[in-house]
Structures are given as C-alpha cells and as structure tokens.
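Colleague: Below is the file entry.txt, with compact mmCIF, C-alpha atoms and all ligand atoms.
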# COMPACT_ATOMS: atom_id res chain seq x y z
CA MET H 1 15.09 -19.23 43.50
CA LYS H 2 14.87 -22.07 46.02
CA LYS H 3 14.01 -20.92 49.54
CA LYS H 4 15.62 -22.32 52.70
CA LEU H 5 12.87 -23.76 54.89
CA ASN H 6 13.00 -23.91 58.65
CA ILE H 7 10.04 -26.07 59.70
CA GLY H 8 7.91 -26.25 62.81
CA LEU H 9 5.85 -29.46 62.80
CA PHE H 10 2.56 -29.87 64.66
CA GLY H 11 1.59 -33.49 65.34
CA PHE H 12 3.66 -36.65 65.49
CA GLY H 13 0.94 -39.27 65.02
CA VAL H 14 0.34 -41.47 61.98
CA VAL H 15 1.02 -38.73 59.41
CA GLY H 16 3.53 -36.62 61.37
CA GLU H 17 5.75 -39.59 62.11
CA GLY H 18 5.12 -40.87 58.58
CA LEU H 19 6.45 -37.59 57.21
CA TYR H 20 9.50 -37.84 59.44
CA GLU H 21 10.24 -41.34 58.12
CA VAL H 22 9.66 -40.33 54.50
CA LEU H 23 12.12 -37.46 54.98
CA LYS H 24 14.81 -39.94 56.06
CA THR H 25 14.54 -41.54 52.62
CA SER H 26 14.85 -38.16 50.86
CA PRO H 27 18.53 -37.20 51.15
CA ALA H 28 18.08 -34.36 48.67
CA PHE H 29 15.54 -32.71 50.98
CA ASP H 30 17.11 -29.45 52.02
CA ALA H 31 15.02 -28.29 54.97
CA LYS H 32 15.16 -28.70 58.70
CA ILE H 33 12.41 -29.67 61.16
CA THR H 34 13.45 -27.49 64.08
CA LYS H 35 10.64 -28.21 66.54
CA ILE H 36 7.78 -30.70 66.84
CA CYS H 37 4.76 -29.64 68.87
CA VAL H 38 2.60 -32.47 70.25
CA LYS H 39 -0.14 -32.75 72.85
CA ASN H 40 1.00 -35.30 75.44
CA LYS H 41 4.28 -36.37 77.01
CA LYS H 42 4.80 -40.04 76.19
CA PRO H 43 7.51 -42.40 74.95
CA ARG H 44 8.21 -41.81 71.22
CA SER H 45 10.58 -42.95 68.50
CA LEU H 46 12.54 -39.67 68.86
CA SER H 47 14.14 -38.34 72.04
CA GLU H 48 12.21 -35.91 74.24
CA ASP H 49 14.39 -32.91 73.25
CA HIS H 50 12.74 -32.92 69.77
CA PHE H 51 9.33 -32.05 71.22
CA CYS H 52 7.51 -29.05 72.64
CA TYR H 53 3.97 -28.75 74.02
CA ASN H 54 3.13 -25.10 73.55
CA ALA H 55 2.05 -23.98 70.07
CA ASP H 56 3.70 -20.58 70.55
CA ASP H 57 7.12 -22.21 70.82
CA ILE H 58 6.73 -22.60 67.05
CA LEU H 59 4.34 -19.81 66.13
CA GLU H 60 6.30 -17.08 67.93
CA ASP H 61 9.70 -18.31 66.73
CA PRO H 62 10.86 -15.85 64.03
CA GLU H 63 13.43 -18.35 62.74
CA ILE H 64 10.66 -20.79 61.72
CA ASN H 65 9.30 -19.75 58.31
CA THR H 66 7.20 -22.86 57.57
CA VAL H 67 4.55 -24.61 59.65
CA VAL H 68 3.43 -28.16 58.88
CA GLU H 69 0.12 -28.84 60.63
CA LEU H 70 -0.68 -32.55 61.09
CA ILE H 71 -2.88 -32.74 64.17
CA ASP H 72 -6.20 -34.53 64.55
CA ASN H 73 -8.27 -31.69 66.04
CA ALA H 74 -9.83 -29.39 63.43
CA ASP H 75 -10.65 -26.52 65.82
CA GLN H 76 -7.14 -26.38 67.23
CA ALA H 77 -5.70 -26.80 63.73
CA TYR H 78 -7.71 -23.75 62.66
CA GLU H 79 -6.16 -21.62 65.43
CA ILE H 80 -2.65 -22.87 64.63
CA VAL H 81 -2.93 -22.38 60.86
CA LYS H 82 -4.59 -18.97 61.19
CA LYS H 83 -1.93 -17.66 63.55
CA ALA H 84 0.90 -19.11 61.47
CA LEU H 85 -0.40 -17.39 58.32
CA GLN H 86 -0.90 -14.12 60.21
CA LYS H 87 2.69 -14.37 61.42
CA GLY H 88 3.84 -14.56 57.79
CA LYS H 89 4.69 -18.25 57.81
CA ASN H 90 3.82 -20.53 54.91
CA VAL H 91 1.76 -23.54 55.95
CA VAL H 92 1.21 -27.14 54.86
CA SER H 93 -1.87 -28.86 56.30
CA ALA H 94 -3.56 -32.24 55.90
CA ASN H 95 -6.63 -31.28 57.89
CA LYS H 96 -9.53 -31.53 55.42
CA LYS H 97 -12.21 -30.81 58.04
CA MET H 98 -10.53 -27.59 59.11
CA LEU H 99 -9.94 -26.58 55.48
CA ALA H 100 -13.41 -27.43 54.18
CA GLU H 101 -15.10 -25.56 57.02
CA ASN H 102 -12.93 -22.45 56.64
CA LEU H 103 -12.01 -22.26 52.96
CA SER H 104 -13.06 -18.65 52.36
CA GLU H 105 -11.15 -17.43 55.39
CA MET H 106 -8.10 -19.47 54.44
CA LEU H 107 -8.11 -17.83 50.99
CA GLN H 108 -8.35 -14.39 52.57
CA LEU H 109 -5.60 -15.09 55.09
CA GLN H 110 -3.24 -16.06 52.28
CA ARG H 111 -4.03 -12.88 50.36
CA ASP H 112 -3.83 -10.57 53.38
CA ASN H 113 -0.52 -11.93 54.61
CA ASN H 114 1.06 -12.74 51.24
CA VAL H 115 1.72 -16.31 52.29
CA SER H 116 0.96 -19.75 50.92
CA LEU H 117 -1.15 -22.58 52.33
CA LEU H 118 -0.76 -25.95 50.59
CA TYR H 119 -2.80 -29.06 51.40
CA GLU H 120 -2.30 -31.84 48.85
CA ALA H 121 -2.42 -34.49 51.61
CA SER H 122 -5.89 -33.36 52.66
CA ALA H 123 -7.57 -35.02 49.68
CA CYS H 124 -6.77 -38.56 48.49
CA GLY H 125 -3.54 -39.05 50.45
CA SER H 126 -0.73 -39.73 48.01
CA ILE H 127 -2.64 -38.89 44.81
CA PRO H 128 -1.66 -35.43 43.52
CA VAL H 129 -5.21 -34.51 42.61
CA ILE H 130 -5.37 -30.93 43.90
CA ARG H 131 -2.28 -29.71 42.11
CA ASN H 132 -3.40 -31.39 38.88
CA LEU H 133 -6.86 -29.82 39.07
CA GLU H 134 -5.22 -26.47 39.72
CA GLU H 135 -2.51 -26.65 37.05
CA TYR H 136 -3.49 -29.09 34.31
CA TYR H 137 -7.28 -28.90 34.37
CA ASP H 138 -7.12 -25.13 34.44
CA ASN H 139 -9.55 -24.60 31.56
CA ASP H 140 -13.21 -24.92 30.60
CA LEU H 141 -13.08 -28.55 29.55
CA LEU H 142 -13.67 -30.12 32.96
CA LEU H 143 -17.07 -31.84 33.33
CA SER H 144 -16.89 -33.84 36.54
CA VAL H 145 -14.68 -35.19 39.28
CA THR H 146 -15.90 -38.49 40.71
CA GLY H 147 -14.08 -40.58 43.21
CA ILE H 148 -13.50 -42.82 46.12
CA LEU H 149 -11.97 -40.26 48.44
CA ASN H 150 -11.98 -42.14 51.73
CA GLY H 151 -9.58 -45.01 52.33
CA SER H 152 -11.19 -46.37 55.51
CA SER H 153 -14.70 -46.83 54.15
CA ASN H 154 -13.29 -48.32 50.96
CA TYR H 155 -11.16 -50.67 53.04
CA ILE H 156 -14.28 -51.75 54.98
CA LEU H 157 -16.37 -52.26 51.82
CA SER H 158 -13.55 -54.28 50.21
CA LYS H 159 -13.27 -56.56 53.22
CA ILE H 160 -17.05 -57.04 53.33
CA PHE H 161 -17.45 -57.70 49.59
CA ASP H 162 -14.29 -59.64 48.82
CA HIS H 163 -13.47 -61.36 52.11
CA ASN H 164 -16.86 -61.70 53.82
CA GLN H 165 -15.43 -59.90 56.85
CA SER H 166 -17.90 -58.26 59.21
CA TYR H 167 -18.38 -54.49 59.14
CA ALA H 168 -17.25 -54.11 62.78
CA SER H 169 -14.05 -56.12 62.42
CA ALA H 170 -13.11 -54.38 59.14
CA LEU H 171 -13.60 -50.99 60.81
CA LYS H 172 -11.39 -52.08 63.72
CA ASP H 173 -8.66 -53.10 61.22
CA ALA H 174 -8.91 -49.72 59.43
CA GLN H 175 -8.43 -48.02 62.81
CA ASP H 176 -5.50 -50.25 63.79
CA LEU H 177 -3.81 -49.59 60.44
CA GLY H 178 -3.99 -45.82 61.00
CA PHE H 179 -6.36 -45.09 58.08
CA ALA H 180 -9.38 -44.04 60.11
CA GLU H 181 -9.91 -40.61 61.63
CA SER H 182 -9.75 -40.24 65.43
CA ASN H 183 -13.54 -40.16 65.18
CA PRO H 184 -14.20 -42.94 62.62
CA SER H 185 -17.79 -41.82 62.07
CA PHE H 186 -16.23 -39.12 59.87
CA ASP H 187 -15.07 -41.93 57.58
CA VAL H 188 -18.09 -44.22 57.57
CA GLU H 189 -20.80 -41.54 57.58
CA GLY H 190 -19.26 -39.84 54.54
CA TYR H 191 -18.05 -36.60 56.17
CA ASP H 192 -14.37 -37.19 55.41
CA SER H 193 -15.28 -37.70 51.72
CA LEU H 194 -17.45 -34.59 51.93
CA PHE H 195 -14.62 -32.40 53.27
CA LYS H 196 -12.34 -33.63 50.51
CA LEU H 197 -15.05 -33.02 47.90
CA ILE H 198 -15.44 -29.43 49.12
CA ILE H 199 -11.71 -28.87 48.63
CA LEU H 200 -11.70 -30.52 45.18
CA THR H 201 -14.72 -28.46 44.14
CA LEU H 202 -12.84 -25.23 44.81
CA HIS H 203 -9.95 -26.38 42.64
CA SER H 204 -12.20 -27.90 39.95
CA PHE H 205 -14.88 -25.25 39.52
CA GLY H 206 -13.83 -22.28 41.68
CA THR H 207 -16.77 -22.57 44.05
CA VAL H 208 -16.64 -22.52 47.85
CA VAL H 209 -19.54 -24.73 48.96
CA ASN H 210 -20.70 -24.95 52.58
CA PRO H 211 -20.29 -28.61 53.67
CA ASN H 212 -23.62 -28.42 55.54
CA ASP H 213 -25.41 -27.88 52.22
CA VAL H 214 -24.22 -31.08 50.55
CA LEU H 215 -26.12 -34.38 50.47
CA THR H 216 -23.94 -36.77 52.46
CA TYR H 217 -24.77 -40.35 53.40
CA GLY H 218 -22.31 -43.07 54.40
CA ILE H 219 -22.03 -46.83 54.65
CA SER H 220 -22.81 -47.57 58.30
CA ASN H 221 -26.32 -48.90 57.54
CA ILE H 222 -25.26 -51.33 54.81
CA SER H 223 -26.76 -54.80 55.33
CA ASP H 224 -26.30 -58.29 53.92
CA PHE H 225 -29.41 -57.66 51.83
CA ASP H 226 -27.76 -54.67 50.11
CA ILE H 227 -24.54 -56.59 49.56
CA ASN H 228 -26.41 -59.55 48.03
CA TYR H 229 -28.52 -57.21 45.89
CA ALA H 230 -25.31 -55.72 44.44
CA ARG H 231 -23.64 -59.12 44.01
CA GLU H 232 -26.64 -60.56 42.14
CA LYS H 233 -26.37 -57.71 39.66
CA GLY H 234 -22.58 -58.18 39.27
CA GLN H 235 -22.06 -54.89 41.03
CA LYS H 236 -20.28 -53.53 44.10
CA ILE H 237 -21.15 -50.72 46.45
CA LYS H 238 -18.55 -47.95 46.84
CA LEU H 239 -18.74 -44.70 48.76
CA VAL H 240 -18.50 -42.11 46.00
CA ALA H 241 -18.16 -38.33 46.04
CA GLN H 242 -18.92 -36.35 42.92
CA VAL H 243 -18.95 -32.81 41.65
CA GLU H 244 -20.46 -32.46 38.21
CA ARG H 245 -20.89 -29.54 35.89
CA LEU H 246 -24.48 -28.88 34.78
CA GLU H 247 -25.94 -26.44 32.26
CA ASP H 248 -25.47 -22.69 32.67
CA LYS H 249 -22.38 -22.68 34.93
CA ASN H 250 -24.08 -24.75 37.64
CA ILE H 251 -22.57 -27.65 39.53
CA SER H 252 -24.11 -30.44 41.59
CA LEU H 253 -22.43 -32.30 44.46
CA PHE H 254 -23.11 -35.37 46.60
CA VAL H 255 -21.46 -38.05 48.73
CA LEU H 256 -23.41 -41.31 48.49
CA PRO H 257 -22.89 -45.06 48.38
CA ARG H 258 -23.07 -46.05 44.75
CA LEU H 259 -23.99 -49.29 43.03
CA LEU H 260 -21.56 -49.79 40.18
CA GLY H 261 -20.39 -52.45 37.77
CA LYS H 262 -17.11 -53.57 36.22
CA ASP H 263 -17.34 -50.95 33.47
CA LYS H 264 -16.44 -48.21 35.95
CA HIS H 265 -12.79 -47.52 36.78
CA ILE H 266 -13.54 -47.19 40.48
CA TYR H 267 -15.09 -50.69 40.62
CA SER H 268 -11.62 -52.16 41.05
CA VAL H 269 -10.33 -49.63 43.59
CA GLU H 270 -9.92 -51.73 46.72
CA ASP H 271 -8.71 -51.50 50.32
CA GLU H 272 -7.34 -48.13 51.41
CA PHE H 273 -6.75 -47.05 47.83
CA ASN H 274 -8.54 -44.03 46.39
CA GLY H 275 -9.48 -43.48 42.76
CA VAL H 276 -10.54 -40.31 41.01
CA VAL H 277 -12.08 -40.14 37.53
CA ILE H 278 -11.80 -36.77 35.85
CA LYS H 279 -14.17 -36.37 32.94
CA GLY H 280 -13.85 -33.60 30.41
CA LEU H 281 -14.65 -32.46 26.95
CA ALA H 282 -12.01 -33.44 24.41
CA TYR H 283 -10.20 -35.97 26.63
CA ASP H 284 -13.24 -37.97 27.93
CA LYS H 285 -12.10 -39.82 31.06
CA GLN H 286 -8.84 -39.87 32.98
CA PHE H 287 -8.24 -41.97 36.07
CA MET H 288 -5.95 -41.27 39.03
CA PHE H 289 -5.32 -44.09 41.47
CA GLY H 290 -3.22 -44.47 44.61
CA LYS H 291 -3.09 -44.92 48.34
CA GLY H 292 -5.49 -42.52 50.01
CA ALA H 293 -4.47 -43.04 53.62
CA GLY H 294 -1.66 -44.27 55.84
CA ALA H 295 1.57 -42.89 57.26
CA HIS H 296 3.98 -43.00 54.33
CA PRO H 297 1.57 -42.30 51.42
CA THR H 298 0.21 -39.25 53.23
CA GLY H 299 3.68 -38.23 54.40
CA SER H 300 4.81 -38.27 50.77
CA ALA H 301 2.09 -35.76 49.82
CA VAL H 302 3.13 -33.51 52.70
CA LEU H 303 6.75 -33.74 51.55
CA SER H 304 5.69 -32.73 48.05
CA ASP H 305 3.98 -29.61 49.43
CA ILE H 306 7.03 -28.72 51.51
CA THR H 307 9.22 -29.02 48.43
CA ALA H 308 6.75 -26.91 46.46
CA LEU H 309 7.01 -24.20 49.13
CA ALA H 310 10.77 -24.23 48.78
CA HIS H 311 10.16 -23.33 45.13
CA ASN H 312 7.75 -20.55 46.13
CA TYR H 313 4.67 -22.38 44.84
CA SER H 314 1.23 -21.22 45.89
CA TYR H 315 -2.23 -22.09 44.55
CA GLU H 316 -3.51 -19.45 42.18
CA TYR H 317 -7.13 -20.58 42.59
CA LYS H 318 -7.45 -20.03 38.85
CA LYS H 319 -11.09 -21.14 38.49
CA LEU H 320 -12.19 -18.82 41.27
CA ASN H 321 -10.05 -15.85 40.33
CA TYR H 322 -10.12 -15.94 36.54
CA SER H 323 -13.33 -17.70 35.52
CA GLY H 324 -15.69 -16.52 38.25
CA GLY H 325 -16.68 -19.89 39.63
CA PHE H 326 -19.81 -21.97 39.22
CA THR H 327 -23.09 -21.86 41.13
CA TYR H 328 -24.04 -24.77 43.37
CA ASN H 329 -27.40 -26.18 42.25
CA LYS H 330 -29.38 -28.81 44.21
CA ASP H 331 -32.07 -29.61 41.65
CA LYS H 332 -30.48 -32.53 39.83
CA ALA H 333 -32.62 -35.68 39.91
CA ILE H 334 -30.76 -38.89 40.71
CA GLU H 335 -31.84 -42.51 40.59
CA LEU H 336 -31.84 -43.84 44.15
CA TYR H 337 -32.10 -47.33 45.65
CA VAL H 338 -33.84 -47.29 49.05
CA ARG H 339 -33.84 -50.51 51.10
CA TYR H 340 -36.25 -50.67 54.00
CA GLN H 341 -38.24 -52.98 56.24
CA ASP H 342 -41.12 -50.73 57.20
CA LYS H 343 -42.96 -49.41 54.12
CA SER H 344 -43.94 -46.22 55.95
CA VAL H 345 -40.38 -44.88 55.59
CA LEU H 346 -41.19 -44.27 51.92
CA ASP H 347 -43.52 -41.47 53.02
CA HIS H 348 -40.42 -39.36 53.62
CA PHE H 349 -39.24 -39.70 50.01
CA ASN H 350 -40.74 -37.36 47.46
CA PHE H 351 -39.90 -39.42 44.36
CA ASP H 352 -40.50 -37.84 40.93
CA GLN H 353 -40.86 -41.31 39.45
CA ILE H 354 -40.70 -44.93 40.71
CA ASN H 355 -38.69 -47.20 38.41
CA GLU H 356 -38.66 -50.51 40.31
CA GLU H 357 -40.18 -51.98 43.44
CA TYR H 358 -39.56 -55.21 45.35
CA ARG H 359 -41.43 -56.42 48.44
CA GLY H 360 -39.79 -59.22 50.44
CA PRO H 361 -40.65 -60.99 53.66
CA GLU H 362 -38.15 -58.89 55.61
CA ASN H 363 -36.48 -56.39 53.33
CA SER H 364 -37.95 -54.46 50.44
CA TYR H 365 -36.56 -51.86 48.09
CA THR H 366 -37.71 -49.08 45.84
CA ILE H 367 -35.69 -47.50 43.05
CA GLY H 368 -36.78 -44.16 41.71
CA LEU H 369 -35.88 -40.70 40.56
CA ILE H 370 -35.65 -38.04 43.24
CA LYS H 371 -34.16 -34.55 43.36
CA ILE H 372 -31.10 -33.91 45.54
CA SER H 373 -32.99 -30.94 47.05
CA GLU H 374 -35.72 -33.35 48.24
CA LEU H 375 -33.14 -35.58 49.90
CA LEU H 376 -31.48 -32.58 51.54
CA LYS H 377 -34.80 -31.78 53.21
CA ILE H 378 -34.68 -35.18 54.97
CA GLN H 379 -30.89 -35.43 55.36
CA ASP H 380 -31.02 -35.84 59.17
CA LYS H 381 -33.92 -38.28 58.95
CA LEU H 382 -32.01 -40.42 56.44
CA ARG H 383 -29.40 -41.21 59.10
CA GLU H 384 -32.02 -42.08 61.75
CA LEU H 385 -34.21 -44.39 59.66
CA ASP H 386 -33.66 -48.13 59.39
CA ILE H 387 -32.79 -47.92 55.68
CA PHE H 388 -29.86 -47.95 53.30
CA ILE H 389 -29.68 -45.73 50.24
CA ALA H 390 -27.39 -45.82 47.24
CA ILE H 391 -27.27 -44.01 43.93
CA THR H 392 -27.57 -46.35 40.96
CA GLY H 393 -25.52 -44.29 38.55
CA SER H 394 -28.02 -44.32 35.69
CA THR H 395 -28.45 -40.55 36.00
CA LEU H 396 -24.73 -39.76 36.21
CA ASN H 397 -22.26 -38.88 33.50
CA TYR H 398 -19.72 -41.20 35.10
N1 LIG W 1 -4.12 -41.01 58.94
C1 LIG W 1 -4.22 -40.80 57.62
O1 LIG W 1 -4.07 -41.72 56.80
C2 LIG W 1 -4.49 -39.43 57.11
C3 LIG W 1 -4.72 -38.37 57.95
N2 LIG W 1 -4.95 -37.12 57.44
C4 LIG W 1 -5.14 -35.99 58.34
O2 LIG W 1 -3.89 -35.72 58.98
C5 LIG W 1 -4.13 -35.20 60.28
C6 LIG W 1 -3.39 -36.05 61.30
O3 LIG W 1 -3.93 -37.35 61.26
P1 LIG W 1 -3.20 -38.57 62.02
O4 LIG W 1 -1.74 -38.42 61.93
O5 LIG W 1 -3.83 -39.79 61.48
O6 LIG W 1 -3.68 -38.34 63.53
P2 LIG W 1 -3.10 -39.02 64.85
O7 LIG W 1 -4.22 -39.10 65.79
O8 LIG W 1 -2.36 -40.25 64.51
O9 LIG W 1 -2.04 -37.94 65.38
C7 LIG W 1 -2.42 -36.69 65.82
C8 LIG W 1 -1.22 -35.95 66.36
O10 LIG W 1 -1.63 -34.63 66.68
C9 LIG W 1 -1.13 -34.29 67.97
N3 LIG W 1 -1.98 -33.25 68.50
C10 LIG W 1 -3.32 -33.26 68.75
N4 LIG W 1 -3.73 -32.05 69.17
C11 LIG W 1 -2.63 -31.26 69.21
C12 LIG W 1 -2.40 -29.90 69.54
N5 LIG W 1 -3.39 -29.11 69.94
N6 LIG W 1 -1.14 -29.42 69.43
C13 LIG W 1 -0.13 -30.20 69.02
N7 LIG W 1 -0.29 -31.49 68.67
C14 LIG W 1 -1.52 -32.01 68.77
C15 LIG W 1 -1.16 -35.59 68.73
O11 LIG W 1 -0.28 -35.47 69.83
P3 LIG W 1 0.04 -36.74 70.77
O12 LIG W 1 1.00 -37.58 69.96
O13 LIG W 1 0.69 -36.13 71.95
O14 LIG W 1 -1.27 -37.42 71.06
C16 LIG W 1 -0.65 -36.55 67.64
O15 LIG W 1 0.75 -36.54 67.59
C17 LIG W 1 -5.66 -35.18 60.46
O16 LIG W 1 -6.15 -33.93 60.08
C18 LIG W 1 -6.13 -36.22 59.45
O17 LIG W 1 -7.45 -35.97 59.01
C19 LIG W 1 -4.92 -36.85 56.10
C20 LIG W 1 -4.69 -37.86 55.22
C21 LIG W 1 -4.47 -39.25 55.65
N1 LIG W 2 -9.43 -41.27 57.32
C1 LIG W 2 -8.98 -40.91 56.03
C2 LIG W 2 -7.52 -40.66 56.04
C3 LIG W 2 -7.06 -39.96 54.86
O1 LIG W 2 -7.53 -38.90 54.49
C4 LIG W 2 -9.29 -42.01 55.05
O2 LIG W 2 -9.61 -43.12 55.51
O3 LIG W 2 -9.23 -41.76 53.84
Kindly transcribe the structure held in the file into structure tokens.

Modeller:
Amino acid sequence: MKKKLNIGLFGFGVVGEGLYEVLKTSPAFDAKITKICVKNKKPRSLSEDHFCYNADDILEDPEINTVVELIDNADQAYEIVKKALQKGKNVVSANKKMLAENLSEMLQLQRDNNVSLLYEASACGSIPVIRNLEEYYDNDLLLSVTGILNGSSNYILSKIFDHNQSYASALKDAQDLGFAESNPSFDVEGYDSLFKLIILTLHSFGTVVNPNDVLTYGISNISDFDINYAREKGQKIKLVAQVERLEDKNISLFVLPRLLGKDKHIYSVEDEFNGVVIKGLAYDKQFMFGKGAGAHPTGSAVLSDITALAHNYSYEYKKLNYSGGFTYNKDKAIELYVRYQDKSVLDHFNFDQINEEYRGPENSYTIGLIKISELLKIQDKLRELDIFIAITGSTLNY
C-alpha cells in the first residue's frame, strides 16, 4: 500500500532547490515538504517561512516520517542521517562521501531501526544505476562495472580535448554550473568517483570496501604532452572508476585516468554526462548513459527515491546478504602510462615489466605492467610527484 510521506528537507542548494523545482513538474507527486533546514539566512526563491536553521526542528518532529538529506557537509550529513534513522524516519541522501565512509554503519542502522535509506542520486546523478544493480543484476553473471562517475572532471576533460579550453577555466565553468563539489578537489583528484565506486561495489558484489584502501588518482596533473600523446593515438583520456570480478570470488577496484579509443562506449561520453558499462556473462556489455550532475538531473533521482519510499521500497543488499560478498584483492597487474620530466621518479615504480619507453627533451614516458598493490604503496607520493599516470586498458576486460 502507498504510504503518505511528510518530508523534512535538509539543504536548499543546487540539488535541494533542483528537487523542489522538479517536484513542481510532478503533479502526481503525493507528498509534502513540511520544513526545509538550511545553514544560513539569506534571500532565496521561497519565502523565509519555509525555512528553519536547527536540525532538530525536523528530526524531533514526530509528524515528519521522511528526511531528505541534501547538504554539502559529509560530517554533518552523517549526524543528521544517523539521528533520522534512529528516530524511525526513512531517509533519502545524495551524499556519497558520507555514505561511502559509513556504509557498514548505515546498513546496521537500517536493520536496527527497521527503516530504509535510499541514495540513487549519490552515484551518477540521474542514471538509475544503483537500483538496477540491486534488482536486475541480482545474480552471478556480473563481471565488471566500469564508468565515468564524475560529471565535473568529465566536463573539464571534454572542454580540454574538444574545445582546447584551459584546465583552470573549464574547472571554473564546472563550478559555476553547479556540477562541482563545494571542495572541487574531490572531483578532480578522483575522490568523488571513488565514493561512488564504493557504493556501486556494495550493490554489485556485496562488498564494503574502505575508500582509503582503493587506488585513486585524478586529472589535476594532466598536461599538454599527455593530451597530445592521446590525440596522436586517436584516443582520449577519461577519469574511469572500475570494479571487476577476478578468479575465486575476488574483486579489484581503482579510480584512474584512462587512455581509451573509439571502440569503448565511454569514449563518447562528454561534458557532465556519466556513462556506466556493465559487463556480464551471457549478456556481454550493457551501457547506461545520462546526466551525472546538476540541479534537475540529480533532483529527479531524489524524487525517484522519495516515490520508492512511498511504495515501501528498501534495498535488500542481495549480494551481501544472500551470496556472501566478494573479497577485495589488490594484486591485479595493470598496464600504466607514466609521464615524467625527471627520470628519477621511476625509482618509485616497481614495474613487473616495461613495455614501452620514450625519452624526450622535456617530457618522457614509460608504459609497463605494475600491480595495484605496488601503486597503493606510493599512493601519497603519486600526488606529490611531477608526473601524470593513466591506465592504458590493455589489461582490462572493458
Ligand atoms: N551538485 C550536484 O550536481 C550533485 C550533488 N550531489 C550531492 O548532493 C549534496 C548537495 O550538493 P549541492 O546541492 O551541490 O550543494 P550546495 O553547496 O549547492 O548546497 C548545500 C546546501 O546545504 C545546506 N547546508 C549545509 N550545511 C548544512 C547543515 N548543517 N544543515 C542544514 N543545511 C546545511 C546549505 O545551506 P545554505 O543554503 O544556507 O548555504 C545549502 O543549502 C552533496 O552531498 C553533493 O555531493 C550529488 C549528485 C549531484
Ligand atoms: N560533483 C559531482 C556531482 C554529482 O555527483 C560530479 O561532478 O559528478
């Protein structure tokens, strides 16, 4: 039976206001936003009497049975979501950082309080990837989930590759358009993709992986040399996140820039769009594509979760609960491009095998096979060094 929802909304920024506008175009939506909690008093598109500034005005209100959390602070979001669940309220959240860093506890809170936490908007904006992984790909056939999960970095790479725009001005545009996180280093250094990958991994393979344990490298060090290298090979560079099934119920994960050609579906994913390729036995490849950021696309995913709550939907976490989950393994060897100026940086890389080397007057590169575990040992160093790294794809199943 459909449940009557009385909603308390946290946040009225890009996504919160986007949700409000999307709701106006959904006359069939049968729920009420009773209160909106924000941080600061300032002029807004709605009158002041819609807003409150104390979280407890919503959390302690027994009439409010649903909390929609759309704020930009992960620590405060954690407190809000935790208390809402403990108070017996169902919750919708878009906060991938908060979710990825607290997944185990969020699962437990749902069980202990017999409530539901939905978060489709937290991964890939408008693309319904979580619910599909949970409901359709609920069997053993799944082999890998590979995607462009961050709209801002993809927007920047598109503007650099296709419009010769500078990195700095493309980043500024992504911020002005509301795609970027309040701290845009989350986008460009790969952390936003990482948090989304952690969430997708739970729904793909039933494994809760600690984000600190995953190889993550972003696009902030990309140079004209790297762009020209890709262009000369008829390739592009995209920031790609992947979880892949290995032998013996193991999985491997990474977030890395990737050199890829036209034969890959995600080659043509541009601007703030996201694209996810799901590879499996029996069906080979399937491709989901859509807007991964922005007010209305993200608001539409939040609306879908709210509607699902009205129909008493909750994630069953089928892979975790019924098939035991997979073990995270860091030993996969990948083929990596490393561009550098000072040859001594190569001393940090414990390559299993060198496949190609180029020495130029200013920039040089080495391509070779290296284990993810070796790169994890130098993860912090990778971000400090004057280098750019990208996976070539030759060792990947997609
Ligand atoms: N932007 C996007 O395209 C997407 C964003 N997300 C996620 O959605 C969430 C919101 O992002 P976005 O809308 O872009 O962020 P914004 O910065 O645009 O808005 C944040 C909102 O949160 C409010 N806020 C901050 N702290 C508190 C608090 N403690 N209590 C109540 N309200 C608070 C702010 O209040 P005030 O208005 O007073 O400053 C503001 O209204 C983030 O988790 C983000 O990662 C997910 C998918 C896409
Ligand atoms: N900053 C994020 C917003 C959506 O999750 C992105 O650019 O993808």

Colleague: Can you tell me which residues surround Leu336 of chain H at a distance of at most 9 Å, considering only C-alpha atoms, apart from same-chain residues fewer than 6 positions away, and format the answer as number ranges by chain?

Modeller: H: 366-370, 389-393

Colleague: List all protein, DNA and RNA residues that have any atom at most 6 Å from ligand LIG 1 (chain W), counting only C-alpha atoms and all ligand atoms, and write the list as a ChimeraX atom specification.

Modeller: /H:10-16,37-40,70-73,76,94-95,121-122,125,178-179,181-182,293-295,298

Colleague: With all atoms listed in the file as the counted atoms, please give the residues lying no more than 10 Å from Leu382 of chain H, apart from itself and same-chain residues fewer than 6 positions off, as a PyMOL selection string.

Modeller: chain H and resi 216-217+345+348-349+375-376+388-389

Colleague: I'd like to know which of H:Asn150, H:Asn312, H:Asn228, H:Ser185 is closest to ligand LIG 2 (chain W), using all atoms listed in the file.

Modeller: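 Ranking H:Asn150, H:Asn312, H:Asn228, H:Ser185 by distance to ligand LIG 2 (chain W), first place goes to H:Asn150.
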
Colleague: In Å, how far is it from atom CA of Tyr167 of chain H to atom CA of Gly218 of chain H?

Modeller: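 Distance between the two atoms: 13.0 Å.
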
Colleague: List the neighbours of Leu107 of chain H out to 9 Å using all atoms listed in the file; skip same-chain residues closer than 5 positions along the sequence, and give me the result as JSON, numbers by chain.

Modeller: {"H": [102, 112, 117, 317]}

Colleague: Hey, can you check how far atom CA of Glu356 of chain H sits from atom CA of Phe161 of chain H?

Modeller: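 Distance reported for this atom pair: 24.2 Å.
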